[in-house]
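Q: A single structure is presented below for examination.
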There are 2 protein chains.
Amino acid sequence: MNPVIDLLKSHRSIRKFTARALSPEQIDAIVTSAQAASTSSNVQAYSIIAVTEPDIKSEVARLAGSLAYVEQSGLFLVFCADLHRIRTATEQQGEMFHQNAESFIVATVDAALAAQNAAIAAESMGLGVCYIGSIRNEIEHVSRLLKLPELVYPVFGLTIGVPDQEPSFRPRLPKQAVVHQNAYQPDRIEAGIEAYDEVMHEYYKVRTNGKTLTNWSSGIADKYRKPVRGHMRSFLEAQGFRLD
Amino acid sequence: MNPVIDLLKSHRSIRKFTARALSPEQIDAIVTSAQAASTSSNVQAYSIIAVTEPDIKSEVARLAGSLAYVEQSGLFLVFCADLHRIRTATEQQGEMFHQNAESFIVATVDAALAAQNAAIAAESMGLGVCYIGSIRNEIEHVSRLLKLPELVYPVFGLTIGVPDQEPSFRPRLPKQAVVHQNAYQPDRIEAGIEAYDEVMHEYYKVRTNGKTLTNWSSGIADKYRKPVRGHMRSFLEAQGFRLD
(Lines give C-alpha, C1' and ligand atoms only; values in the text may rest on other atoms or scores of the structure.)
Protein backbone atom coordinates (compact mmCIF):
# COMPACT_ATOMS: atom_id res chain seq x y z
CA MET A 1 0.00 0.00 0.00
CA ASN A 2 2.74 2.44 1.07
CA PRO A 3 6.05 2.21 2.96
CA VAL A 4 4.52 3.28 6.31
CA ILE A 5 1.92 0.54 6.18
CA ASP A 6 4.61 -1.94 5.13
CA LEU A 7 6.56 -0.87 8.21
CA LEU A 8 3.56 -1.26 10.53
CA LYS A 9 2.71 -4.66 9.07
CA SER A 10 6.25 -5.95 9.45
CA HIS A 11 6.49 -5.39 13.22
CA ARG A 12 8.18 -8.13 15.25
CA SER A 13 9.36 -7.77 18.82
CA ILE A 14 13.15 -7.81 19.02
CA ARG A 15 14.73 -9.51 22.03
CA LYS A 16 18.40 -9.39 21.08
CA PHE A 17 20.38 -6.23 20.40
CA THR A 18 23.93 -5.37 19.39
CA ALA A 19 25.84 -3.27 21.90
CA ARG A 20 25.46 -0.14 19.78
CA ALA A 21 24.14 2.94 21.62
CA LEU A 22 21.55 5.23 20.05
CA SER A 23 22.61 8.66 18.84
CA PRO A 24 21.19 11.77 20.54
CA GLU A 25 19.37 12.53 17.25
CA GLN A 26 17.71 9.11 17.27
CA ILE A 27 16.62 9.53 20.90
CA ASP A 28 15.27 12.99 20.17
CA ALA A 29 13.28 11.75 17.16
CA ILE A 30 11.79 8.92 19.25
CA VAL A 31 10.76 11.18 22.11
CA THR A 32 9.43 13.95 19.88
CA SER A 33 7.35 11.39 17.97
CA ALA A 34 5.98 10.04 21.25
CA GLN A 35 4.91 13.52 22.30
CA ALA A 36 3.18 14.14 18.96
CA ALA A 37 0.66 11.32 19.55
CA SER A 38 -2.97 12.08 20.25
CA THR A 39 -3.85 12.74 23.88
CA SER A 40 -7.27 12.94 25.53
CA SER A 41 -8.36 16.62 25.56
CA ASN A 42 -4.66 17.55 25.49
CA VAL A 43 -4.16 16.43 29.10
CA GLN A 44 -0.91 14.60 28.16
CA ALA A 45 -1.33 12.43 31.22
CA TYR A 46 1.86 10.40 30.85
CA SER A 47 5.57 10.71 31.49
CA ILE A 48 8.60 8.91 30.10
CA ILE A 49 11.57 7.85 32.20
CA ALA A 50 14.64 7.28 30.02
CA VAL A 51 16.76 4.78 31.92
CA THR A 52 20.37 5.35 30.86
CA GLU A 53 22.34 4.95 34.09
CA PRO A 54 23.79 1.38 33.87
CA ASP A 55 23.12 0.43 37.49
CA ILE A 56 19.49 1.50 37.31
CA LYS A 57 19.07 -0.23 33.95
CA SER A 58 20.51 -3.47 35.35
CA GLU A 59 18.20 -3.30 38.32
CA VAL A 60 15.13 -2.70 36.14
CA ALA A 61 16.22 -5.57 33.87
CA ARG A 62 16.52 -7.82 36.92
CA LEU A 63 13.13 -6.80 38.32
CA ALA A 64 11.51 -7.43 34.92
CA GLY A 65 12.72 -11.04 34.99
CA SER A 66 16.46 -10.79 34.32
CA LEU A 67 15.95 -9.75 30.73
CA ALA A 68 19.24 -9.36 28.86
CA TYR A 69 17.48 -7.41 26.14
CA VAL A 70 16.53 -4.73 28.64
CA GLU A 71 20.04 -4.48 30.07
CA GLN A 72 21.64 -4.50 26.60
CA SER A 73 19.19 -2.13 24.93
CA GLY A 74 20.45 1.05 23.30
CA LEU A 75 17.64 2.92 25.04
CA PHE A 76 15.17 1.82 27.70
CA LEU A 77 12.08 3.96 28.21
CA VAL A 78 9.52 3.48 30.96
CA PHE A 79 6.11 4.86 30.02
CA CYS A 80 4.14 6.03 33.02
CA ALA A 81 0.51 7.02 33.39
CA ASP A 82 0.77 10.40 35.13
CA LEU A 83 -1.99 12.29 36.94
CA HIS A 84 0.57 14.06 39.12
CA ARG A 85 1.22 16.80 36.57
CA ILE A 86 -2.44 17.62 35.95
CA ARG A 87 -3.13 17.55 39.67
CA THR A 88 -0.28 20.06 40.09
CA ALA A 89 -1.77 22.28 37.37
CA THR A 90 -5.25 22.03 38.91
CA GLU A 91 -4.04 22.87 42.41
CA GLN A 92 -1.93 25.77 41.14
CA GLN A 93 -5.22 27.23 39.93
CA GLY A 94 -6.62 26.93 43.46
CA GLU A 95 -8.94 24.03 42.60
CA MET A 96 -9.23 20.56 44.08
CA PHE A 97 -8.26 17.70 41.75
CA HIS A 98 -10.83 14.94 41.20
CA GLN A 99 -9.84 11.52 39.90
CA ASN A 100 -11.52 8.18 39.41
CA ALA A 101 -11.57 5.14 37.09
CA GLU A 102 -12.09 7.48 34.12
CA SER A 103 -8.94 9.51 34.73
CA PHE A 104 -7.04 6.26 35.31
CA ILE A 105 -8.14 5.07 31.86
CA VAL A 106 -7.23 8.42 30.26
CA ALA A 107 -3.71 8.33 31.70
CA THR A 108 -3.15 4.67 30.79
CA VAL A 109 -4.33 5.24 27.21
CA ASP A 110 -2.25 8.42 26.83
CA ALA A 111 0.87 6.50 27.88
CA ALA A 112 0.12 3.73 25.37
CA LEU A 113 -0.52 6.07 22.43
CA ALA A 114 2.75 7.92 23.07
CA ALA A 115 4.64 4.63 23.40
CA GLN A 116 3.32 3.24 20.15
CA ASN A 117 4.50 6.37 18.34
CA ALA A 118 7.92 5.91 19.97
CA ALA A 119 7.98 2.28 18.83
CA ILE A 120 7.13 3.18 15.24
CA ALA A 121 9.64 6.03 15.16
CA ALA A 122 12.33 3.61 16.35
CA GLU A 123 11.37 0.95 13.81
CA SER A 124 11.36 3.52 11.00
CA MET A 125 15.08 4.05 11.74
CA GLY A 126 15.78 0.31 11.46
CA LEU A 127 15.81 -0.18 15.23
CA GLY A 128 13.98 -2.98 17.00
CA VAL A 129 11.68 -2.68 20.02
CA CYS A 130 9.99 -4.83 22.62
CA TYR A 131 7.37 -3.79 25.14
CA ILE A 132 8.24 -4.90 28.66
CA GLY A 133 5.04 -5.47 30.62
CA SER A 134 6.96 -7.54 33.15
CA ILE A 135 8.13 -4.39 34.92
CA ARG A 136 4.69 -4.75 36.53
CA ASN A 137 5.87 -7.99 38.21
CA GLU A 138 7.73 -5.85 40.72
CA ILE A 139 5.87 -2.62 40.13
CA GLU A 140 6.35 -1.24 43.62
CA HIS A 141 10.09 -1.81 43.51
CA VAL A 142 10.39 -0.34 39.99
CA SER A 143 8.39 2.72 41.04
CA ARG A 144 10.61 3.30 44.06
CA LEU A 145 13.74 2.87 41.95
CA LEU A 146 12.53 5.48 39.44
CA LYS A 147 11.30 7.73 42.27
CA LEU A 148 7.79 7.97 40.88
CA PRO A 149 5.64 10.35 42.93
CA GLU A 150 2.02 9.76 43.91
CA LEU A 151 -0.38 9.47 40.96
CA VAL A 152 2.27 8.14 38.59
CA TYR A 153 2.54 4.43 37.71
CA PRO A 154 4.80 2.58 35.25
CA VAL A 155 2.55 0.99 32.63
CA PHE A 156 5.33 -0.79 30.71
CA GLY A 157 8.88 -0.40 29.50
CA LEU A 158 10.00 -0.15 25.89
CA THR A 159 13.39 -1.56 25.08
CA ILE A 160 14.96 -0.18 21.89
CA GLY A 161 18.15 -1.10 20.08
CA VAL A 162 19.93 -2.25 16.96
CA PRO A 163 18.47 -5.70 16.17
CA ASP A 164 20.74 -8.71 16.44
CA GLN A 165 18.10 -11.21 15.33
CA GLU A 166 15.46 -11.48 12.63
CA PRO A 167 12.46 -13.30 14.06
CA SER A 168 9.55 -14.22 11.82
CA PHE A 169 6.28 -12.32 11.96
CA ARG A 170 3.89 -13.86 14.50
CA PRO A 171 0.45 -14.45 12.98
CA ARG A 172 -2.50 -12.59 14.48
CA LEU A 173 -6.04 -13.77 15.21
CA PRO A 174 -8.15 -13.99 12.04
CA LYS A 175 -9.85 -10.68 11.24
CA GLN A 176 -13.32 -12.13 11.71
CA ALA A 177 -12.58 -12.81 15.37
CA VAL A 178 -11.36 -9.25 16.01
CA VAL A 179 -13.19 -6.89 13.65
CA HIS A 180 -16.97 -6.69 13.77
CA GLN A 181 -19.38 -4.76 11.58
CA ASN A 182 -21.80 -2.49 13.49
CA ALA A 183 -22.27 -4.91 16.37
CA TYR A 184 -20.19 -7.45 18.25
CA GLN A 185 -20.85 -10.93 16.93
CA PRO A 186 -20.10 -13.39 19.74
CA ASP A 187 -20.91 -16.38 17.51
CA ARG A 188 -17.78 -15.74 15.46
CA ILE A 189 -15.41 -15.99 18.37
CA GLU A 190 -15.23 -19.74 18.86
CA ALA A 191 -14.57 -20.47 15.19
CA GLY A 192 -11.97 -17.70 15.10
CA ILE A 193 -10.15 -19.16 18.09
CA GLU A 194 -10.25 -22.62 16.54
CA ALA A 195 -8.78 -21.39 13.25
CA TYR A 196 -6.10 -19.43 15.08
CA ASP A 197 -5.19 -22.39 17.25
CA GLU A 198 -4.36 -24.35 14.11
CA VAL A 199 -2.23 -21.53 12.71
CA MET A 200 -0.37 -21.07 15.98
CA HIS A 201 0.14 -24.81 16.50
CA GLU A 202 1.98 -24.83 13.16
CA TYR A 203 3.84 -21.60 14.00
CA TYR A 204 5.16 -22.96 17.34
CA LYS A 205 6.01 -26.31 15.77
CA VAL A 206 8.08 -24.74 12.99
CA ARG A 207 9.72 -22.21 15.29
CA THR A 208 10.84 -24.86 17.78
CA ASN A 209 11.70 -27.59 15.25
CA GLY A 210 8.77 -29.68 16.35
CA LYS A 211 9.52 -29.43 20.08
CA THR A 212 6.54 -27.21 21.06
CA LEU A 213 3.18 -28.68 20.15
CA THR A 214 0.90 -26.20 21.84
CA ASN A 215 -1.58 -23.64 20.50
CA TRP A 216 -2.92 -20.20 21.38
CA SER A 217 -5.83 -21.26 23.60
CA SER A 218 -3.78 -23.54 25.77
CA GLY A 219 -1.26 -20.75 26.35
CA ILE A 220 -4.04 -18.33 27.23
CA ALA A 221 -5.72 -20.83 29.56
CA ASP A 222 -2.41 -21.55 31.24
CA LYS A 223 -1.92 -17.84 31.90
CA TYR A 224 -5.42 -16.97 33.10
CA ARG A 225 -6.39 -20.07 35.10
CA LYS A 226 -4.77 -18.30 38.05
CA PRO A 227 -4.67 -14.61 38.98
CA VAL A 228 -1.91 -12.64 37.23
CA ARG A 229 -0.21 -9.80 39.14
CA GLY A 230 -2.81 -9.77 41.88
CA HIS A 231 -0.89 -6.98 43.62
CA MET A 232 -1.84 -4.36 41.04
CA ARG A 233 -4.92 -2.89 42.71
CA SER A 234 -3.32 -2.45 46.11
CA PHE A 235 -0.19 -1.00 44.51
CA LEU A 236 -2.27 1.52 42.54
CA GLU A 237 -4.16 2.55 45.66
CA ALA A 238 -0.94 2.98 47.62
CA GLN A 239 0.32 5.10 44.73
CA GLY A 240 -2.70 7.38 45.21
CA PHE A 241 -4.91 6.23 42.35
CA ARG A 242 -8.63 5.93 42.94
CA LEU A 243 -10.49 3.47 40.76
CA ASP A 244 -14.00 4.40 41.87
CA MET B 1 14.97 12.45 10.09
CA ASN B 2 12.86 10.26 7.78
CA PRO B 3 9.37 10.41 6.23
CA VAL B 4 7.77 8.21 8.92
CA ILE B 5 9.00 10.47 11.72
CA ASP B 6 7.89 13.51 9.73
CA LEU B 7 4.44 11.93 9.51
CA LEU B 8 4.31 11.18 13.25
CA LYS B 9 5.45 14.70 14.12
CA SER B 10 2.89 16.35 11.86
CA HIS B 11 -0.17 14.77 13.51
CA ARG B 12 -3.16 17.03 14.04
CA SER B 13 -6.66 15.84 14.89
CA ILE B 14 -9.05 16.38 11.98
CA ARG B 15 -12.62 17.36 12.81
CA LYS B 16 -14.01 18.08 9.34
CA PHE B 17 -14.15 15.57 6.51
CA THR B 18 -15.30 15.58 2.88
CA ALA B 19 -18.11 13.16 2.12
CA ARG B 20 -15.75 10.73 0.41
CA ALA B 21 -15.96 7.09 1.56
CA LEU B 22 -12.84 4.99 2.13
CA SER B 23 -11.99 2.25 -0.34
CA PRO B 24 -12.05 -1.40 0.81
CA GLU B 25 -8.26 -1.44 0.27
CA GLN B 26 -7.81 1.53 2.61
CA ILE B 27 -10.00 -0.06 5.27
CA ASP B 28 -8.13 -3.33 4.97
CA ALA B 29 -4.74 -1.58 5.32
CA ILE B 30 -5.94 0.27 8.43
CA VAL B 31 -7.29 -2.84 10.12
CA THR B 32 -4.31 -5.02 9.20
CA SER B 33 -1.96 -2.36 10.58
CA ALA B 34 -3.97 -2.22 13.80
CA GLN B 35 -3.66 -5.98 14.23
CA ALA B 36 0.11 -5.86 13.64
CA ALA B 37 0.68 -3.72 16.76
CA SER B 38 2.38 -5.19 19.81
CA THR B 39 0.10 -6.97 22.26
CA SER B 40 0.81 -8.14 25.80
CA SER B 41 1.98 -11.82 25.64
CA ASN B 42 0.01 -12.13 22.38
CA VAL B 43 -3.33 -12.01 24.24
CA GLN B 44 -4.75 -9.55 21.65
CA ALA B 45 -7.27 -8.42 24.25
CA TYR B 46 -9.15 -5.91 22.09
CA SER B 47 -11.79 -5.83 19.39
CA ILE B 48 -12.72 -3.29 16.75
CA ILE B 49 -16.29 -2.45 15.80
CA ALA B 50 -16.44 -0.82 12.36
CA VAL B 51 -19.58 1.31 12.40
CA THR B 52 -20.76 1.62 8.80
CA GLU B 53 -24.57 1.37 9.07
CA PRO B 54 -25.76 5.03 8.80
CA ASP B 55 -28.39 4.81 11.56
CA ILE B 56 -25.95 3.31 14.04
CA LYS B 57 -23.27 5.83 13.08
CA SER B 58 -25.72 8.72 13.60
CA GLU B 59 -26.72 7.37 16.97
CA VAL B 60 -23.09 6.96 18.10
CA ALA B 61 -22.35 10.50 16.83
CA ARG B 62 -25.29 11.81 18.86
CA LEU B 63 -24.26 9.92 22.01
CA ALA B 64 -20.70 11.25 21.68
CA GLY B 65 -21.99 14.83 21.78
CA SER B 66 -23.62 15.33 18.37
CA LEU B 67 -20.31 15.28 16.56
CA ALA B 68 -20.71 15.97 12.82
CA TYR B 69 -17.20 14.62 12.21
CA VAL B 70 -18.24 11.24 13.55
CA GLU B 71 -21.39 11.12 11.45
CA GLN B 72 -19.58 12.35 8.31
CA SER B 73 -16.46 10.22 8.70
CA GLY B 74 -15.42 7.86 5.93
CA LEU B 75 -14.89 5.17 8.56
CA PHE B 76 -15.72 5.08 12.25
CA LEU B 77 -13.99 2.46 14.39
CA VAL B 78 -14.76 1.73 18.03
CA PHE B 79 -11.79 0.19 19.84
CA CYS B 80 -12.86 -2.06 22.68
CA ALA B 81 -10.89 -3.63 25.49
CA ASP B 82 -11.91 -7.29 25.25
CA LEU B 83 -11.46 -10.00 27.86
CA HIS B 84 -14.43 -11.94 26.49
CA ARG B 85 -12.38 -13.69 23.82
CA ILE B 86 -9.62 -14.83 26.17
CA ARG B 87 -12.19 -15.94 28.73
CA THR B 88 -13.81 -18.01 25.97
CA ALA B 89 -10.44 -19.55 25.07
CA THR B 90 -9.68 -20.27 28.74
CA GLU B 91 -13.04 -21.88 29.40
CA GLN B 92 -12.84 -23.96 26.22
CA GLN B 93 -9.74 -25.48 27.78
CA GLY B 94 -11.77 -26.38 30.85
CA GLU B 95 -10.15 -23.78 33.08
CA MET B 96 -11.67 -20.93 35.08
CA PHE B 97 -10.80 -17.44 33.87
CA HIS B 98 -9.28 -15.04 36.41
CA GLN B 99 -9.34 -11.28 35.90
CA ASN B 100 -8.45 -8.22 37.94
CA ALA B 101 -7.02 -4.70 37.62
CA GLU B 102 -4.00 -6.15 35.79
CA SER B 103 -6.04 -7.78 33.01
CA PHE B 104 -8.10 -4.58 32.75
CA ILE B 105 -4.88 -2.63 32.12
CA VAL B 106 -3.64 -5.22 29.59
CA ALA B 107 -6.87 -5.03 27.58
CA THR B 108 -7.02 -1.22 27.68
CA VAL B 109 -3.39 -0.91 26.56
CA ASP B 110 -3.84 -3.51 23.79
CA ALA B 111 -6.79 -1.52 22.41
CA ALA B 112 -4.76 1.71 22.47
CA LEU B 113 -1.69 0.23 20.74
CA ALA B 114 -3.86 -1.21 17.95
CA ALA B 115 -5.70 2.09 17.56
CA GLN B 116 -2.54 4.13 17.27
CA ASN B 117 -1.33 1.86 14.48
CA ALA B 118 -4.70 2.34 12.75
CA ALA B 119 -4.37 6.12 13.13
CA ILE B 120 -0.88 6.17 11.64
CA ALA B 121 -1.86 3.86 8.78
CA ALA B 122 -4.75 6.21 7.96
CA GLU B 123 -2.55 9.31 8.14
CA SER B 124 0.05 7.67 5.92
CA MET B 125 -2.62 7.52 3.19
CA GLY B 126 -3.37 11.25 3.53
CA LEU B 127 -6.45 10.65 5.67
CA GLY B 128 -7.22 12.51 8.88
CA VAL B 129 -8.23 11.03 12.23
CA CYS B 130 -9.62 12.08 15.58
CA TYR B 131 -9.94 9.97 18.72
CA ILE B 132 -13.43 10.16 20.21
CA GLY B 133 -13.19 9.66 23.97
CA SER B 134 -16.64 11.18 24.38
CA ILE B 135 -18.27 7.86 23.48
CA ARG B 136 -17.58 7.24 27.20
CA ASN B 137 -20.08 10.01 28.08
CA GLU B 138 -22.86 7.53 27.32
CA ILE B 139 -20.83 4.37 27.55
CA GLU B 140 -23.69 2.14 28.65
CA HIS B 141 -25.88 3.27 25.77
CA VAL B 142 -23.03 2.92 23.24
CA SER B 143 -22.24 -0.58 24.52
CA ARG B 144 -25.86 -1.66 24.20
CA LEU B 145 -26.08 -0.19 20.69
CA LEU B 146 -22.98 -2.12 19.58
CA LYS B 147 -24.18 -5.25 21.43
CA LEU B 148 -20.97 -5.59 23.42
CA PRO B 149 -20.99 -8.74 25.55
CA GLU B 150 -19.73 -9.01 29.11
CA LEU B 151 -16.02 -8.26 29.54
CA VAL B 152 -15.88 -5.91 26.53
CA TYR B 153 -15.89 -2.12 26.92
CA PRO B 154 -15.54 0.65 24.32
CA VAL B 155 -12.38 2.59 25.17
CA PHE B 156 -12.74 5.24 22.45
CA GLY B 157 -13.80 5.75 18.86
CA LEU B 158 -11.54 6.70 15.98
CA THR B 159 -13.10 8.78 13.24
CA ILE B 160 -11.27 8.61 9.91
CA GLY B 161 -11.84 10.48 6.66
CA VAL B 162 -10.55 12.71 3.91
CA PRO B 163 -9.58 15.98 5.63
CA ASP B 164 -11.58 19.11 4.82
CA GLN B 165 -9.53 21.39 7.05
CA GLU B 166 -5.88 22.04 7.79
CA PRO B 167 -5.50 22.89 11.47
CA SER B 168 -2.16 23.99 12.85
CA PHE B 169 -0.07 21.65 15.00
CA ARG B 170 -0.91 22.03 18.68
CA PRO B 171 2.23 22.51 20.78
CA ARG B 172 3.03 19.89 23.40
CA LEU B 173 4.35 20.25 26.94
CA PRO B 174 8.07 21.06 27.00
CA LYS B 175 10.20 17.91 26.99
CA GLN B 176 11.66 18.63 30.41
CA ALA B 177 8.20 18.34 31.96
CA VAL B 178 7.50 14.97 30.32
CA VAL B 179 10.80 13.13 29.84
CA HIS B 180 12.95 12.36 32.86
CA GLN B 181 16.40 10.79 33.07
CA ASN B 182 16.63 7.73 35.36
CA ALA B 183 14.25 9.14 37.97
CA TYR B 184 11.15 11.32 38.03
CA GLN B 185 12.09 14.90 38.85
CA PRO B 186 9.04 16.55 40.44
CA ASP B 187 10.85 19.88 40.76
CA ARG B 188 10.74 20.34 36.98
CA ILE B 189 6.99 20.08 36.73
CA GLU B 190 5.94 23.53 37.91
CA ALA B 191 8.38 25.37 35.64
CA GLY B 192 7.34 23.16 32.73
CA ILE B 193 3.68 23.94 33.29
CA GLU B 194 4.45 27.66 33.53
CA ALA B 195 6.39 27.66 30.26
CA TYR B 196 3.65 25.66 28.53
CA ASP B 197 0.95 27.99 29.81
CA GLU B 198 2.66 30.87 28.04
CA VAL B 199 2.95 28.91 24.80
CA MET B 200 -0.68 27.79 24.92
CA HIS B 201 -1.93 31.27 25.86
CA GLU B 202 -0.39 32.54 22.62
CA TYR B 203 -1.65 29.51 20.66
CA TYR B 204 -5.26 30.02 21.78
CA LYS B 205 -5.04 33.79 21.21
CA VAL B 206 -3.81 33.40 17.64
CA ARG B 207 -6.21 30.58 16.83
CA THR B 208 -9.26 32.57 18.02
CA ASN B 209 -8.17 36.00 16.77
CA GLY B 210 -7.63 37.26 20.28
CA LYS B 211 -10.97 36.05 21.63
CA THR B 212 -9.69 33.25 23.87
CA LEU B 213 -7.19 34.38 26.50
CA THR B 214 -6.85 31.18 28.49
CA ASN B 215 -3.96 28.78 29.02
CA TRP B 216 -3.37 25.06 29.58
CA SER B 217 -3.57 25.00 33.39
CA SER B 218 -6.83 26.85 33.58
CA GLY B 219 -8.37 24.43 31.07
CA ILE B 220 -7.07 21.46 33.07
CA ALA B 221 -8.32 22.91 36.37
CA ASP B 222 -11.70 23.62 34.83
CA LYS B 223 -11.96 19.99 33.73
CA TYR B 224 -10.73 18.30 36.91
CA ARG B 225 -12.22 20.52 39.64
CA LYS B 226 -15.25 18.24 39.42
CA PRO B 227 -15.50 14.48 38.77
CA VAL B 228 -15.41 13.54 35.07
CA ARG B 229 -17.53 10.56 33.94
CA GLY B 230 -18.19 9.36 37.45
CA HIS B 231 -20.28 6.51 36.04
CA MET B 232 -17.27 4.62 34.66
CA ARG B 233 -16.60 2.30 37.59
CA SER B 234 -20.17 1.15 38.01
CA PHE B 235 -20.51 0.68 34.25
CA LEU B 236 -17.35 -1.44 34.15
CA GLU B 237 -18.60 -3.59 37.03
CA ALA B 238 -21.97 -4.06 35.37
CA GLN B 239 -20.08 -5.09 32.23
CA GLY B 240 -18.37 -7.81 34.25
CA PHE B 241 -14.94 -6.25 34.80
CA ARG B 242 -13.30 -6.67 38.17
CA LEU B 243 -10.84 -3.99 39.18
CA ASP B 244 -9.53 -5.71 42.29
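How things are named: the first chain in the C-alpha coordinates is A, the next is B, and so on; residues count from 1 in each chain; ligands count from 1 in the order shown.
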As number ranges by chain, please: the residues near region 93-98 of chain B (cut-off 7 Å, only C-alpha atoms, same-chain neighbours under 4 positions excluded).
A: A: 218, 221, 224-227; B: 87, 89
Q: Dump as number ranges by chain the residues of chain A that approach chain B to within 6 Å, counting only C-alpha atoms.
A: A: 5, 8-9, 33, 36, 47-51, 89-90, 95-98, 101-102, 109, 112-113, 116, 121, 146-148, 178-184, 217, 221, 224-227, 232-233, 244
Q: Nearest to Ile27 (chain A) among A:Ala107, A:Leu151, A:Glu59, A:Gly161, with distances taken over only C-alpha atoms: which residue is it?
A: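 Answer, going by the shortest atom-to-atom distance: A:Gly161.
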Q: Write down as an MDAnalysis selection string the residues of region 196-231 of chain A whose backbone DSSP state falls under helix (DSSP H, G or I).
A: chainID A and resid 196:207 216:224
Q: Report, in Å to a single decimal, how far apart CA of Leu83 (chain B) and CA of Glu138 (chain A) are.
A: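 Computing the Euclidean distance for CA of Glu138 (chain A) and CA of Leu83 (chain B) yields 23.5 Å.
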Q: Skipping near chain neighbours, those fewer than 4 positions away, what residues fall within 8 Å of Ser58 (chain A) using only C-alpha atoms, listed as an mmCIF file with N, CA, C and O atoms, in the first residue's frame?
A:
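around_8.cif, written as the output of this step:
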data_model
loop_
_atom_site.group_PDB
_atom_site.id
_atom_site.type_symbol
_atom_site.label_atom_id
_atom_site.label_comp_id
_atom_site.auth_asym_id
_atom_site.auth_seq_id
_atom_site.Cartn_x
_atom_site.Cartn_y
_atom_site.Cartn_z
ATOM 1 N N PRO A 54 23.681 2.846 33.946
ATOM 2 C CA PRO A 54 23.794 1.380 33.875
ATOM 3 C C PRO A 54 23.294 0.621 35.100
ATOM 4 O O PRO A 54 22.651 -0.424 34.950
ATOM 5 N N ARG A 62 16.646 -6.728 35.965
ATOM 6 C CA ARG A 62 16.525 -7.823 36.918
ATOM 7 C C ARG A 62 15.077 -7.936 37.426
ATOM 8 O O ARG A 62 14.499 -9.024 37.456
ATOM 9 N N VAL A 70 16.755 -6.035 27.997
ATOM 10 C CA VAL A 70 16.535 -4.735 28.644
ATOM 11 C C VAL A 70 17.902 -4.144 29.012
ATOM 12 O O VAL A 70 18.214 -3.006 28.694
ATOM 13 N N GLU A 71 18.712 -4.957 29.638
ATOM 14 C CA GLU A 71 20.038 -4.483 30.068
ATOM 15 C C GLU A 71 20.881 -4.050 28.869
ATOM 16 O O GLU A 71 21.591 -3.042 28.939
#
Q: Would you return as a PyMOL selection string the members of region 20-224 of chain A that DSSP assigns to strand (DSSP E) on this structure's backbone?
A: chain A and resi 46-51+75-82+128-132+152-161+179-181
